[in-house]
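Asker: Have a look at the structure that comes next, please.
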Amino acid sequence: MSSQAVQHAITFLEDPKVKKGASVADKIKFLRGKGLSDKEIEEAAKSVGDKGVVDEVKEKIEVTIPDKIFTLEELATLKGEKGKPLCLSCKGIVYKVDPEFYGSGKAYSVFSGADCSRHLAKVKVGSAELNQHWTTHLTDTQVTTLDDWEEKYQKKYEILGKIDVAQLKESKEEPAEEQKTNEKSGGGGGCAAQ
């Protein structure tokens with residue numbers, strides 16, 4: 001989480017005009033419009049004692065996941081070609097995604113037709129860790145980042161089902177010192193919010 005963004009949210013929430021005249025919905029809408037995640041908004045609201053905002057953003061999105069189970073082979077065919085939808089998987093959930101970001105030749109096209117959880121967690125575009133399990137060998141920061149991506153996908157994209165997670169490869173990689181250092185400095189070569 002960006003401590004600067006949280007600090008700006010705290011300043012906003014402490015403003016007397018905002019305290020008096022803004023509804024909970026308006027406060028949240030404004031802060032989301034500034035690019036803050038619900039976790040950042042919650043952190044800021046907790047620090048100023050705004051229980052209404054805290055309660056509102058803590059409510060989890062009701063996510064309905066269809067019963068459809070995709071094999072990795074089936075998912076690999078969902079690249080927006082031959083009349084099939086353009087999909088990817090994040091934490092085992094299959095999302096129908098936007099061709100503007102994930103279509104052929106686009107910046108994140110490598111993620112289409114695969115589970116890209118580890119890449120999202122590391123804010124790294126590539127294919128080296130596609131279809132690898134996301135529950136092992138990630139730092140706490142990477143897990144939080146992945147949770148943020150999952151939340152974004154749930155809010156933005158249609159869910160078509162889930163993958164057979166038993167087919168995912170286990171990651172053998174230990175968190176490298178370079179990754180830890182890269183995280184502290186804000187990372188590089190990463191994913192933009194789609």
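As shown in the structure tokens, the chain order sets the letters A, B, ...; within each chain, residues go from 1, and ligands are also counted from 1 in the order they appear.
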List the spatial neighbours of Lys27 of chain A as a ChimeraX atom specification - criterion: any atom at most 12 Å away, only C-alpha atoms, same-chain residues fewer than 2 positions off excluded.
Answerer: /A:9-10,12-15,17-25,29-34,36,38,41-42,44-45,50,52-54,56-57
Asker: So that I can check the surroundings of segment 73-81 of chain A, please list as a ChimeraX atom specification every protein, DNA and RNA residue that reaches within 9 Å of it, counting only C-alpha atoms and ignoring chain neighbours fewer than 3 positions away.
Answerer: /A:70,84-89,94,96,99,102-104,109,112-115,163
Asker: For the selection just defined, write its residues with N, CA, C and O atoms to a file, as a tab-separated table (two decimals), in the first residue's frame.
Answerer:
```
chain	number	residue	atom	x	y	z
A	70	PHE	N	-12.45	-25.56	-15.66
A	70	PHE	CA	-11.63	-25.58	-16.87
A	70	PHE	C	-10.34	-26.34	-16.59
A	70	PHE	O	-9.70	-26.13	-15.56
A	84	LYS	N	-14.02	-17.83	-29.58
A	84	LYS	CA	-13.93	-18.15	-28.15
A	84	LYS	C	-13.61	-16.88	-27.35
A	84	LYS	O	-12.99	-15.95	-27.87
A	85	PRO	N	-14.03	-16.87	-26.08
A	85	PRO	CA	-13.75	-15.67	-25.26
A	85	PRO	C	-12.26	-15.53	-24.94
A	85	PRO	O	-11.50	-16.50	-25.03
A	86	LEU	N	-11.86	-14.33	-24.58
A	86	LEU	CA	-10.50	-14.03	-24.14
A	86	LEU	C	-10.47	-14.12	-22.62
A	86	LEU	O	-11.18	-13.37	-21.94
A	87	CYS	N	-9.71	-15.05	-22.09
A	87	CYS	CA	-9.75	-15.31	-20.65
A	87	CYS	C	-8.35	-15.44	-20.05
A	87	CYS	O	-7.38	-15.72	-20.75
A	88	LEU	N	-8.30	-15.28	-18.75
A	88	LEU	CA	-7.13	-15.61	-17.96
A	88	LEU	C	-7.63	-16.08	-16.60
A	88	LEU	O	-8.81	-15.93	-16.28
A	89	SER	N	-6.72	-16.62	-15.82
A	89	SER	CA	-7.07	-17.07	-14.48
A	89	SER	C	-6.21	-16.32	-13.47
A	89	SER	O	-5.01	-16.13	-13.68
A	94	VAL	N	-11.44	-18.07	-13.41
A	94	VAL	CA	-11.33	-17.72	-14.83
A	94	VAL	C	-12.19	-16.49	-15.12
A	94	VAL	O	-13.40	-16.49	-14.87
A	96	LYS	N	-13.27	-13.47	-18.02
A	96	LYS	CA	-13.33	-13.02	-19.41
A	96	LYS	C	-12.82	-11.59	-19.41
A	96	LYS	O	-13.44	-10.71	-18.81
A	99	PRO	N	-9.92	-7.27	-24.46
A	99	PRO	CA	-8.91	-7.39	-25.51
A	99	PRO	C	-7.98	-6.18	-25.61
A	99	PRO	O	-6.87	-6.28	-26.11
A	102	TYR	N	-5.39	-7.50	-23.04
A	102	TYR	CA	-4.96	-8.90	-23.10
A	102	TYR	C	-5.04	-9.54	-24.48
A	102	TYR	O	-4.65	-10.67	-24.66
A	103	GLY	N	-5.55	-8.79	-25.47
A	103	GLY	CA	-5.69	-9.33	-26.81
A	103	GLY	C	-4.35	-9.55	-27.49
A	103	GLY	O	-3.30	-9.06	-27.03
A	104	SER	N	-4.38	-10.26	-28.60
A	104	SER	CA	-3.17	-10.57	-29.37
A	104	SER	C	-2.39	-9.29	-29.67
A	104	SER	O	-2.94	-8.30	-30.12
A	109	SER	N	-0.83	-9.73	-23.36
A	109	SER	CA	-1.38	-10.88	-24.09
A	109	SER	C	-0.78	-12.20	-23.62
A	109	SER	O	-1.43	-13.24	-23.71
A	112	SER	N	-3.07	-14.24	-21.41
A	112	SER	CA	-4.33	-14.84	-21.88
A	112	SER	C	-4.18	-16.34	-22.02
A	112	SER	O	-3.13	-16.85	-22.41
A	113	GLY	N	-5.22	-17.05	-21.63
A	113	GLY	CA	-5.23	-18.50	-21.73
A	113	GLY	C	-4.42	-19.20	-20.66
A	113	GLY	O	-4.08	-20.38	-20.81
A	114	ALA	N	-4.10	-18.51	-19.56
A	114	ALA	CA	-3.27	-19.12	-18.51
A	114	ALA	C	-3.62	-18.55	-17.14
A	114	ALA	O	-4.26	-17.51	-17.03
A	115	ASP	N	-3.16	-19.23	-16.10
A	115	ASP	CA	-3.23	-18.67	-14.75
A	115	ASP	C	-1.97	-17.83	-14.57
A	115	ASP	O	-0.85	-18.34	-14.64
A	163	ILE	N	-10.38	-22.96	-12.59
A	163	ILE	CA	-9.53	-23.98	-13.18
A	163	ILE	C	-9.36	-25.14	-12.21
A	163	ILE	O	-9.61	-25.01	-11.00
```
Asker: What residues in segment 20-189 of chain A get the DSSP label alpha helix (DSSP H)? Please answer as JSON, numbers by chain.
Answerer: {"A": [20, 21, 24, 25, 26, 27, 28, 29, 30, 31, 32, 33, 38, 39, 40, 41, 42, 43, 44, 45, 46, 47, 48, 51, 52, 53, 54, 55, 56, 57, 58, 72, 73, 74, 75, 76, 99, 100, 101, 102, 117, 118, 119, 120, 121, 122, 140, 141, 142, 143, 144, 145, 146, 147, 148, 149, 150, 151, 152, 153, 154, 155, 156, 177, 178, 179, 180, 181, 182, 183, 184]}
Asker: When you draw a straight line from atom CA of Ile65 of chain A to atom CA of Ser117 of chain A, how long is it in Å?
Answerer: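 These two atoms are separated by 17.5 Å.
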Asker: With segment 128-143 of chain A as the partner and 8 Å as the cut-off, tabulate the residues of segment 6-111 of chain A that qualify, each row holding the nearest pair of atoms and their distance in Å to one decimal, using only C-alpha atoms, sorted by chain and rising number, as a tab-separated table.
Answerer:
```
residue	atom	partner	partner_atom	distance
A:Leu72	CA	A:Asn131	CA	7.8
A:Lys91	CA	A:Trp134	CA	6.7
A:Phe111	CA	A:Leu130	CA	7.6
```
Asker: Mind the document's chain letters and residue numbers, and return as a ChimeraX atom specification the residues of chain A that DSSP labels strand (DSSP E).
Answerer: /A:69-70,87-90,93-96,158-163
Asker: Kindly save the residues from that selection, with C-alpha atoms included, as a tab-separated table (two decimals), in the first residue's frame.
Answerer:
```tsv
chain	number	residue	atom	x	y	z
A	69	ILE	CA	-14.19	-26.30	-14.14
A	70	PHE	CA	-11.63	-25.58	-16.87
A	87	CYS	CA	-9.75	-15.31	-20.65
A	88	LEU	CA	-7.13	-15.61	-17.96
A	89	SER	CA	-7.07	-17.07	-14.48
A	90	CYS	CA	-6.16	-15.25	-11.28
A	93	ILE	CA	-10.79	-18.09	-11.07
A	94	VAL	CA	-11.33	-17.72	-14.83
A	95	TYR	CA	-12.19	-14.20	-15.99
A	96	LYS	CA	-13.33	-13.02	-19.41
A	158	GLU	CA	-17.15	-11.56	-15.83
A	159	ILE	CA	-16.31	-14.82	-14.05
A	160	LEU	CA	-16.74	-17.90	-16.23
A	161	GLY	CA	-15.65	-20.59	-13.77
A	162	LYS	CA	-12.49	-21.89	-12.18
A	163	ILE	CA	-9.53	-23.98	-13.18
```
Asker: Between atom CA of Thr145 of chain A and atom CA of Ala121 of chain A, what is the distance, to one decimal in Å?
Answerer: 5.3 Å
Asker: Please determine, counting only C-alpha atoms, which residue among A:Asp26, A:Glu43, A:Asp98, A:Asp148 has the shortest atom-to-atom distance to Lys122 of chain A.
Answerer: A:Asp148
Asker: Could you work out how far atom CA of Lys152 of chain A lies from atom CA of Glu40 of chain A, giving the answer in Å with one decimal?
Answerer: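 Taking atom CA of Glu40 of chain A and atom CA of Lys152 of chain A, their separation equals 13.6 Å.
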